[in-house]
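Have a look at structure.txt below; it lists compact mmCIF, C-alpha atoms and all ligand atoms.
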# COMPACT_ATOMS: atom_id res chain seq x y z
CA SER B 1 217.46 -15.47 107.85
CA ALA B 2 220.09 -15.67 105.11
CA PRO B 3 222.49 -18.54 104.39
CA THR B 4 226.15 -17.88 105.22
CA ILE B 5 229.45 -17.64 103.36
CA THR B 6 232.67 -18.93 104.96
CA LEU B 7 235.56 -16.48 105.16
CA ASN B 8 239.24 -17.33 104.71
CA ASP B 9 239.67 -17.22 108.51
CA GLY B 10 236.92 -19.81 109.09
CA HIS B 11 234.27 -17.40 110.37
CA GLU B 12 230.91 -17.17 108.63
CA LEU B 13 229.20 -14.14 107.18
CA PRO B 14 225.48 -14.00 106.36
CA ALA B 15 224.84 -13.64 102.61
CA ILE B 16 222.89 -10.37 103.15
CA GLY B 17 223.26 -7.70 105.81
CA LEU B 18 221.72 -4.41 106.89
CA GLY B 19 223.49 -1.17 105.95
CA THR B 20 223.04 1.79 108.33
CA TYR B 21 224.23 4.77 106.32
CA PRO B 22 222.80 7.34 106.60
CA MET B 23 221.01 6.83 109.94
CA ASP B 24 221.41 8.74 113.20
CA ASP B 25 221.59 6.95 116.57
CA ARG B 26 217.87 7.09 117.11
CA GLU B 27 216.94 5.76 113.70
CA ALA B 28 219.68 3.13 113.84
CA ALA B 29 218.50 1.80 117.21
CA SER B 30 215.02 1.03 115.95
CA ALA B 31 216.09 -0.02 112.44
CA VAL B 32 218.67 -2.47 113.81
CA ARG B 33 216.37 -3.93 116.44
CA GLY B 34 213.60 -4.35 113.85
CA ALA B 35 215.97 -5.86 111.28
CA ILE B 36 217.26 -8.42 113.77
CA GLU B 37 213.73 -9.39 114.63
CA THR B 38 212.99 -9.74 110.91
CA GLY B 39 215.89 -12.19 110.59
CA TYR B 40 218.96 -10.09 109.74
CA ARG B 41 222.13 -11.37 111.40
CA LEU B 42 224.70 -9.10 109.74
CA ILE B 43 224.71 -5.43 110.74
CA ASP B 44 227.09 -2.92 109.16
CA THR B 45 228.13 0.41 110.66
CA ALA B 46 231.24 2.63 110.79
CA ALA B 47 232.74 5.17 113.18
CA LYS B 48 232.25 7.70 110.40
CA TYR B 49 228.47 7.16 110.32
CA GLY B 50 228.13 8.55 113.85
CA ASN B 51 225.57 5.92 114.82
CA GLU B 52 227.55 3.21 116.63
CA ALA B 53 225.75 3.90 119.91
CA GLY B 54 222.38 3.49 118.20
CA VAL B 55 223.46 0.33 116.42
CA GLY B 56 224.69 -1.11 119.73
CA GLU B 57 221.43 -0.20 121.39
CA GLY B 58 219.47 -1.92 118.61
CA ILE B 59 221.47 -5.11 119.12
CA ALA B 60 221.21 -4.95 122.91
CA THR B 61 217.46 -4.41 122.90
CA SER B 62 216.66 -7.11 120.34
CA GLU B 63 215.61 -10.53 121.53
CA VAL B 64 218.46 -12.26 119.72
CA PRO B 65 221.65 -13.07 121.68
CA ARG B 66 224.68 -10.96 120.80
CA GLU B 67 226.67 -14.08 119.77
CA GLU B 68 224.23 -14.71 116.93
CA ILE B 69 224.79 -11.28 115.42
CA VAL B 70 227.66 -10.48 113.09
CA LEU B 71 228.58 -6.85 113.73
CA THR B 72 230.82 -4.86 111.38
CA THR B 73 232.36 -1.47 112.06
CA LYS B 74 235.08 0.51 110.31
CA LEU B 75 238.15 2.58 111.10
CA ARG B 76 237.72 6.17 110.02
CA GLY B 77 240.38 8.00 108.03
CA TYR B 78 241.83 10.29 110.64
CA ASP B 79 242.29 7.36 113.02
CA GLN B 80 244.65 5.55 110.66
CA GLY B 81 248.10 4.66 112.05
CA TYR B 82 249.14 1.93 114.47
CA GLU B 83 248.45 3.44 117.90
CA SER B 84 245.50 5.49 116.72
CA THR B 85 243.84 2.41 115.22
CA LEU B 86 244.05 0.64 118.59
CA ARG B 87 242.66 3.71 120.35
CA ALA B 88 239.89 4.24 117.79
CA PHE B 89 238.86 0.61 118.04
CA ALA B 90 238.56 0.90 121.81
CA GLU B 91 236.33 3.94 121.34
CA SER B 92 234.14 2.16 118.77
CA ARG B 93 233.78 -0.82 121.08
CA GLU B 94 232.79 1.51 123.91
CA ARG B 95 230.16 3.29 121.80
CA LEU B 96 228.81 -0.02 120.51
CA GLY B 97 228.71 -1.42 124.03
CA VAL B 98 230.04 -4.82 122.98
CA GLU B 99 232.80 -7.12 124.19
CA TYR B 100 234.01 -7.88 120.68
CA VAL B 101 233.37 -6.85 117.09
CA ASP B 102 232.91 -9.54 114.45
CA LEU B 103 234.41 -7.67 111.52
CA PHE B 104 236.57 -4.54 111.62
CA LEU B 105 237.43 -2.85 108.31
CA ILE B 106 239.78 -0.06 107.22
CA HIS B 107 237.13 2.28 105.77
CA TRP B 108 239.18 3.84 102.93
CA PRO B 109 242.83 3.23 102.00
CA LEU B 110 243.76 6.96 101.79
CA PRO B 111 247.00 6.12 99.94
CA ARG B 112 248.26 9.72 100.14
CA ILE B 113 248.69 9.61 103.91
CA GLU B 114 250.42 6.20 103.64
CA LYS B 115 249.12 4.79 106.88
CA TYR B 116 247.08 1.85 105.78
CA VAL B 117 249.88 -0.70 106.29
CA ASP B 118 250.43 0.48 109.88
CA SER B 119 246.68 0.45 110.42
CA TRP B 120 246.56 -3.08 109.06
CA ARG B 121 249.25 -4.19 111.54
CA ALA B 122 247.07 -2.84 114.35
CA MET B 123 244.04 -4.68 112.98
CA ILE B 124 246.07 -7.91 113.07
CA MET B 125 246.95 -7.21 116.70
CA LEU B 126 243.28 -6.64 117.57
CA ARG B 127 242.39 -9.93 115.96
CA ASP B 128 245.18 -11.76 117.78
CA ASP B 129 243.91 -10.26 121.05
CA GLY B 130 240.43 -11.64 120.33
CA LEU B 131 238.74 -8.24 120.38
CA VAL B 132 237.88 -8.60 116.70
CA ARG B 133 236.91 -11.91 115.10
CA SER B 134 237.71 -11.03 111.47
CA ILE B 135 239.58 -8.16 109.89
CA GLY B 136 239.21 -6.67 106.47
CA VAL B 137 239.31 -3.60 104.32
CA SER B 138 236.98 -1.39 102.35
CA ASN B 139 237.49 0.43 99.07
CA PHE B 140 240.85 -1.26 98.46
CA THR B 141 242.19 -1.78 94.94
CA ALA B 142 244.25 -4.82 93.92
CA ASP B 143 247.42 -2.75 94.52
CA HIS B 144 246.39 -1.82 98.06
CA LEU B 145 245.61 -5.46 98.79
CA ASP B 146 248.98 -6.58 97.42
CA ARG B 147 250.76 -4.05 99.58
CA ILE B 148 249.25 -5.07 102.94
CA VAL B 149 249.65 -8.76 102.23
CA THR B 150 253.24 -8.39 101.03
CA GLU B 151 254.15 -6.40 104.13
CA THR B 152 252.32 -8.46 106.75
CA GLY B 153 251.52 -11.85 105.23
CA VAL B 154 247.92 -11.51 106.44
CA GLU B 155 245.08 -11.56 103.92
CA PRO B 156 241.97 -9.58 104.75
CA ALA B 157 238.82 -11.67 105.11
CA VAL B 158 236.66 -9.10 103.31
CA ASN B 159 236.92 -6.17 100.91
CA GLN B 160 233.81 -4.00 100.99
CA ILE B 161 233.46 -1.93 97.81
CA GLU B 162 230.89 0.04 95.88
CA LEU B 163 229.12 -2.58 93.80
CA HIS B 164 225.76 -2.68 92.02
CA PRO B 165 224.60 -3.41 88.46
CA TYR B 166 225.64 0.09 87.33
CA PHE B 167 229.13 -0.52 88.75
CA ALA B 168 229.53 -4.27 88.69
CA GLN B 169 233.25 -4.35 89.64
CA THR B 170 233.94 -7.46 87.59
CA ALA B 171 237.72 -7.06 87.73
CA MET B 172 237.92 -6.15 91.42
CA ARG B 173 235.60 -8.97 92.35
CA ALA B 174 237.86 -11.39 90.44
CA ALA B 175 240.95 -9.94 92.15
CA ASP B 176 239.33 -10.46 95.57
CA ALA B 177 238.21 -13.99 94.67
CA GLU B 178 241.67 -14.95 93.45
CA ARG B 179 243.05 -14.12 96.88
CA GLY B 180 240.19 -15.78 98.76
CA VAL B 181 238.84 -12.41 99.90
CA VAL B 182 235.04 -12.16 100.09
CA THR B 183 233.60 -9.08 98.38
CA GLN B 184 230.91 -7.11 100.17
CA ALA B 185 228.84 -4.59 98.25
CA TRP B 186 228.06 -1.10 99.53
CA SER B 187 225.28 0.85 97.82
CA PRO B 188 224.07 -2.51 96.52
CA LEU B 189 220.84 -0.94 95.28
CA GLY B 190 222.75 1.77 93.43
CA ARG B 191 221.83 4.63 95.72
CA LYS B 192 221.26 7.95 93.87
CA THR B 193 220.85 6.16 90.51
CA ASP B 194 217.63 5.09 88.79
CA LEU B 195 218.53 1.43 89.13
CA LEU B 196 215.31 0.42 90.87
CA ALA B 197 213.32 2.01 88.03
CA ASP B 198 215.49 0.43 85.33
CA PRO B 199 213.24 -1.12 82.62
CA THR B 200 215.40 -4.27 82.30
CA VAL B 201 215.41 -4.85 86.04
CA ASP B 202 211.71 -4.12 86.23
CA ALA B 203 210.88 -6.58 83.41
CA ILE B 204 212.85 -9.33 85.15
CA ALA B 205 211.15 -8.49 88.45
CA GLN B 206 207.73 -8.87 86.83
CA GLN B 207 208.75 -12.22 85.32
CA HIS B 208 209.52 -13.55 88.79
CA GLY B 209 206.74 -11.76 90.65
CA VAL B 210 209.24 -9.93 92.87
CA THR B 211 210.35 -6.29 93.24
CA PRO B 212 213.27 -4.62 91.41
CA ALA B 213 215.18 -4.42 94.72
CA GLN B 214 214.80 -8.18 95.14
CA VAL B 215 216.11 -8.78 91.61
CA VAL B 216 219.17 -6.64 92.28
CA LEU B 217 219.86 -8.30 95.64
CA ARG B 218 219.42 -11.74 94.10
CA TRP B 219 221.93 -10.73 91.40
CA HIS B 220 224.46 -9.97 94.17
CA VAL B 221 223.80 -13.23 96.00
CA GLN B 222 224.20 -15.31 92.83
CA ARG B 223 227.52 -13.61 92.10
CA GLY B 224 228.69 -14.50 95.61
CA THR B 225 229.01 -10.90 96.76
CA ILE B 226 227.38 -9.83 100.02
CA PRO B 227 225.01 -6.86 99.72
CA ILE B 228 224.21 -4.68 102.71
CA PRO B 229 221.13 -2.71 101.64
CA LYS B 230 220.14 0.13 103.91
CA SER B 231 216.55 0.63 104.96
CA SER B 232 214.74 1.57 108.15
CA ASP B 233 211.42 0.58 106.71
CA PRO B 234 210.27 -2.79 108.15
CA GLN B 235 208.57 -3.86 104.93
CA ARG B 236 211.57 -3.04 102.78
CA GLN B 237 213.87 -4.75 105.26
CA ALA B 238 211.77 -7.91 105.06
CA GLN B 239 211.59 -7.73 101.27
CA ASN B 240 215.35 -7.25 100.96
CA LEU B 241 216.06 -10.40 102.96
CA ASP B 242 213.53 -12.46 101.05
CA VAL B 243 215.58 -13.34 97.96
CA PHE B 244 216.28 -17.01 98.57
CA SER B 245 213.21 -18.53 96.96
CA PHE B 246 213.72 -17.60 93.30
CA ARG B 247 216.64 -17.90 90.91
CA LEU B 248 217.80 -15.69 88.02
CA SER B 249 218.81 -17.42 84.79
CA GLU B 250 222.29 -16.88 83.35
CA SER B 251 220.81 -14.67 80.68
CA GLU B 252 218.98 -12.56 83.27
CA MET B 253 222.18 -12.27 85.31
CA ALA B 254 224.02 -11.05 82.22
CA GLN B 255 221.31 -8.57 81.23
CA ILE B 256 221.29 -7.04 84.72
CA GLY B 257 225.04 -6.42 84.81
CA ASP B 258 225.47 -5.51 81.15
CA ARG B 259 225.01 -1.73 81.01
CA PRO B 260 227.03 1.47 81.16
CA GLN B 261 229.20 1.49 84.25
CA ALA B 262 229.80 4.43 86.57
CA ARG B 263 230.69 4.95 90.21
CA VAL B 264 228.30 6.64 92.62
CA GLY B 265 230.94 7.14 95.31
CA GLY B 266 234.64 7.94 95.52
CA ASP B 267 237.61 6.51 93.65
CA PRO B 268 239.75 4.56 96.16
CA ASP B 269 242.98 6.19 94.94
CA GLU B 270 241.59 9.72 95.15
CA HIS B 271 238.87 9.75 97.74
CA GLU B 272 239.83 11.51 100.97
CA GLU B 273 237.34 10.73 103.65
CA PHE B 274 238.47 11.36 107.18
P1 LIG B 301 214.82 3.78 102.67
O1 LIG B 301 215.98 3.84 103.61
O2 LIG B 301 213.93 4.96 102.75
O3 LIG B 301 214.06 2.48 102.74
P2 LIG B 301 221.77 1.50 99.09
O4 LIG B 301 221.73 0.45 100.14
O5 LIG B 301 222.15 1.01 97.73
O6 LIG B 301 222.56 2.71 99.51
O7 LIG B 301 220.28 1.98 98.86
C1 LIG B 301 219.58 2.51 99.92
C2 LIG B 301 218.42 3.29 99.36
O8 LIG B 301 217.48 2.38 98.75
C3 LIG B 301 217.70 3.99 100.45
O9 LIG B 301 217.31 5.23 99.94
C4 LIG B 301 216.51 3.09 100.75
O10 LIG B 301 215.42 3.88 101.17
C5 LIG B 301 216.23 2.49 99.40
N1 LIG B 301 215.68 1.13 99.52
C6 LIG B 301 216.09 0.14 100.32
N2 LIG B 301 215.37 -0.98 100.13
C7 LIG B 301 214.48 -0.69 99.16
C8 LIG B 301 213.45 -1.43 98.52
N3 LIG B 301 213.22 -2.71 98.83
N4 LIG B 301 212.71 -0.80 97.58
C9 LIG B 301 212.95 0.48 97.26
N5 LIG B 301 213.91 1.24 97.82
C10 LIG B 301 214.66 0.66 98.77
Let me see whether you can do it: turn the structure in this file into structure tokens.
Amino acid sequence: SAPTITLNDGHELPAIGLGTYPMDDREAASAVRGAIETGYRLIDTAAKYGNEAGVGEGIATSEVPREEIVLTTKLRGYDQGYESTLRAFAESRERLGVEYVDLFLIHWPLPRIEKYVDSWRAMIMLRDDGLVRSIGVSNFTADHLDRIVTETGVEPAVNQIELHPYFAQTAMRAADAERGVVTQAWSPLGRKTDLLADPTVDAIAQQHGVTPAQVVLRWHVQRGTIPIPKSSDPQRQAQNLDVFSFRLSESEMAQIGDRPQARVGGDPDEHEEF
């Protein structure tokens, strides 16, 4: 299994996790169980993915005790607001079939509805009640982070953002780091792009005798960001976790990240995902 990174609240997060989007309940149950048996200890889902029951089943049916798993879920857009966050969390917990969630994130800021500060206050309450170990956000910009911290005094432990070599998020990663917020990467393999067929990535992979996916995941790990690659395929899952026995040089790191930059997913200030 992967080494861990310590969060600003003292909890630890494995350096690589399993993403579960898109997977339905059935696929998630077997993918999660298999991943845990392969050595994954960080599992990422969201209410919006519609697979929390499957993810919970995968955890429950694996041979690893629940306490050894770090489980992330996220608050969906139309549940933002103080009371509705508390209610939505209770529903997620019920679907997951767990006593507590390790990491609960606000999925998107949705600045137009102006509820993320109230949602954040509810997340703080859930953490104080012990139902959630760590709280964080997803798709937040530096301005959104400033706002919740100014209004509540509580820093998120994590900001999960789109991040891969075609959208390396150098500035946002620095803004997170400056505050002591750990950056997690969604679409770490650059979903929908040709990243895994990129000639530069492929050449570096051949140099090290590894696959392009391993090069990209190693690039994340060396930058200190936590990738959560999605796969249901046991061989790919194993491959994606096996990136701790080679090292990229500084020049390789630079070559991987140094290319035209473009988002695959939504802009945090514009994206409306409920
Ligand atoms: P699959 O689920 O069929 O294994 P991201 O996490 O960036 O969204 O990327 C996920 C995509 O990358 C999925 O389509 C997944 O396919 C694919 N993928 C995951 N791991 C690997 C790998 N090691 N090699 C090639 N493709 C991979």
Query raised in the report: If you count only C-alpha atoms and all ligand atoms, which residues end up within 6 Å of ligand LIG 301 (chain B), as a list in words?
Result: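 Based on only C-alpha atoms and all ligand atoms, ligand LIG 301 (chain B) is surrounded within 6 Å by Ser187, Pro188, Leu189, Gly190, Arg191, Ala213, Pro229, Lys230, Ser231, Ser232, Asp233, Arg236, Gln239 and Asn240 of chain B.
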Write the residues of the selection above to a file with C-alpha atoms, as a PDB file, keeping the file's coordinate frame.
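Writing the result to part-v1.pdb gives the following:
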ATOM      1  CA  SER B 187     225.280   0.850  97.820  1.00  0.00           C
ATOM      2  CA  PRO B 188     224.070  -2.510  96.520  1.00  0.00           C
ATOM      3  CA  LEU B 189     220.840  -0.940  95.280  1.00  0.00           C
ATOM      4  CA  GLY B 190     222.750   1.770  93.430  1.00  0.00           C
ATOM      5  CA  ARG B 191     221.830   4.630  95.720  1.00  0.00           C
ATOM      6  CA  ALA B 213     215.180  -4.420  94.720  1.00  0.00           C
ATOM      7  CA  PRO B 229     221.130  -2.710 101.640  1.00  0.00           C
ATOM      8  CA  LYS B 230     220.140   0.130 103.910  1.00  0.00           C
ATOM      9  CA  SER B 231     216.550   0.630 104.960  1.00  0.00           C
ATOM     10  CA  SER B 232     214.740   1.570 108.150  1.00  0.00           C
ATOM     11  CA  ASP B 233     211.420   0.580 106.710  1.00  0.00           C
ATOM     12  CA  ARG B 236     211.570  -3.040 102.780  1.00  0.00           C
ATOM     13  CA  GLN B 239     211.590  -7.730 101.270  1.00  0.00           C
ATOM     14  CA  ASN B 240     215.350  -7.250 100.960  1.00  0.00           C
TER      15      ASN B 240
END
Query raised in the report: Hey, what's within 12 Å of Gly265 in chain B if we count all atoms listed in the file and toss same-chain stuff fewer than 3 positions away? As a list in words, please?
Result: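 Within the cut-off, the hits are Trp108, Asn139, Ile161, Glu162, Leu163, His164, Tyr166, Phe167, Trp186, Ser187, Pro188, Gly190, Arg191, Lys192, Thr193, Ala262, Pro268, Glu270, His271, Glu272 and Glu273 of chain B.
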Report task. Kindly indicate which residue among B:Asp269, B:Val215, B:Gln237, B:Arg127 lies nearest to Ala31 in chain B, using all atoms listed in the file for the distances. Result ->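 Once distances to Ala31 in chain B are computed over all atoms listed in the file, the minimum belongs to B:Gln237.
In terms of minimum interatomic distance to Ser134 in chain B, B:Thr73 ranks closest within B:Thr170, B:Gln235, B:Thr73, B:Ser1, counting all atoms listed in the file.
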Query raised in the report: Using all atoms listed in the file, which of B:Asp129, B:Asp194, B:Asp242, B:Glu68 sits nearest Thr211 in chain B?
Result: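 Between B:Asp129, B:Asp194, B:Asp242, B:Glu68, the residue approaching Thr211 in chain B most closely is B:Asp242.
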Report task. Check the smallest atom-to-atom distance from each of B:Pro234, B:Gly54, B:Gly224, B:Gly266 to Ala174 in chain B using only C-alpha atoms, then report the winner. Result ->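 Smallest separation from Ala174 in chain B among the options: B:Gly224.
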Query raised in the report: Please, which residues are within 9 Å of (226.3, -13.1, 105.3) by the file's coordinates, counting only C-alpha atoms, and could they come as a ChimeraX atom specification?
Result: /B:2-6,12-17,41-42,70,226-227
Requested in this report: Find the residues around Val154 in chain B up to 9 Å (all atoms listed in the file counted), leave out those fewer than 3 positions away in its own chain, and share them as a list in words.
Outcome: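 Here the answer would be Trp120, Ile124, Ile148, Val149, Thr150 and Glu151 of chain B.
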Query raised in the report: Any idea what the distance is between CA of Ile228 in chain B and CA of Leu86 in chain B?
Result: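 Straight-line distance from CA of Ile228 in chain B to CA of Leu86 in chain B works out to 26.0 Å.
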Report task. For Glu114 in chain B, please output as a PyMOL selection string all residues within 10 Å (counting all atoms listed in the file; exclusion window: fewer than 5 positions along the same chain). Result -> chain B and resi 80-81+109+119
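Candidate residues B:Val221, B:Val210, B:Ile106, B:Ala205 were compared for distance to Val158 in chain B, and the nearest is B:Ile106, using only C-alpha atoms.
Nearest to Val201 in chain B of all the residues B:Glu83, B:Glu27, B:Asp44, B:Asp258 is B:Asp258, counting all atoms listed in the file.
One finds CA of Ile43 in chain B at 24.6 Å from CA of Arg121 in chain B.
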Please complete range 7-20 of chain B with N, CA and C atoms and give it back as a compact mmCIF listing (two decimals), in the frame of the given file.
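Saved the output as part00.txt:
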# COMPACT_ATOMS: atom_id res chain seq x y z
N LEU B 7 234.42 -17.36 105.45
CA LEU B 7 235.56 -16.48 105.16
C LEU B 7 236.87 -17.27 105.21
N ASN B 8 237.94 -16.65 104.74
CA ASN B 8 239.24 -17.33 104.71
C ASN B 8 239.84 -17.55 106.10
N ASP B 9 239.20 -16.97 107.14
CA ASP B 9 239.67 -17.22 108.51
C ASP B 9 238.76 -18.22 109.24
N GLY B 10 237.80 -18.79 108.50
CA GLY B 10 236.92 -19.81 109.09
C GLY B 10 235.62 -19.27 109.66
N HIS B 11 235.53 -17.96 109.86
CA HIS B 11 234.27 -17.40 110.37
C HIS B 11 233.24 -17.32 109.23
N GLU B 12 231.97 -17.20 109.63
CA GLU B 12 230.91 -17.17 108.63
C GLU B 12 230.25 -15.80 108.58
N LEU B 13 229.87 -15.43 107.39
CA LEU B 13 229.20 -14.14 107.18
C LEU B 13 227.87 -14.39 106.49
N PRO B 14 226.77 -13.86 107.03
CA PRO B 14 225.48 -14.00 106.36
C PRO B 14 225.53 -13.41 104.94
N ALA B 15 224.80 -14.01 104.03
CA ALA B 15 224.84 -13.64 102.61
C ALA B 15 224.20 -12.28 102.32
N ILE B 16 223.45 -11.73 103.27
CA ILE B 16 222.89 -10.37 103.15
C ILE B 16 222.96 -9.72 104.52
N GLY B 17 223.23 -8.42 104.54
CA GLY B 17 223.26 -7.70 105.81
C GLY B 17 222.47 -6.41 105.73
N LEU B 18 222.40 -5.71 106.85
CA LEU B 18 221.72 -4.41 106.89
C LEU B 18 222.76 -3.30 106.90
N GLY B 19 222.67 -2.38 105.95
CA GLY B 19 223.49 -1.17 105.95
C GLY B 19 222.82 -0.11 106.83
N THR B 20 223.62 0.79 107.42
CA THR B 20 223.04 1.79 108.33
C THR B 20 223.46 3.21 107.97
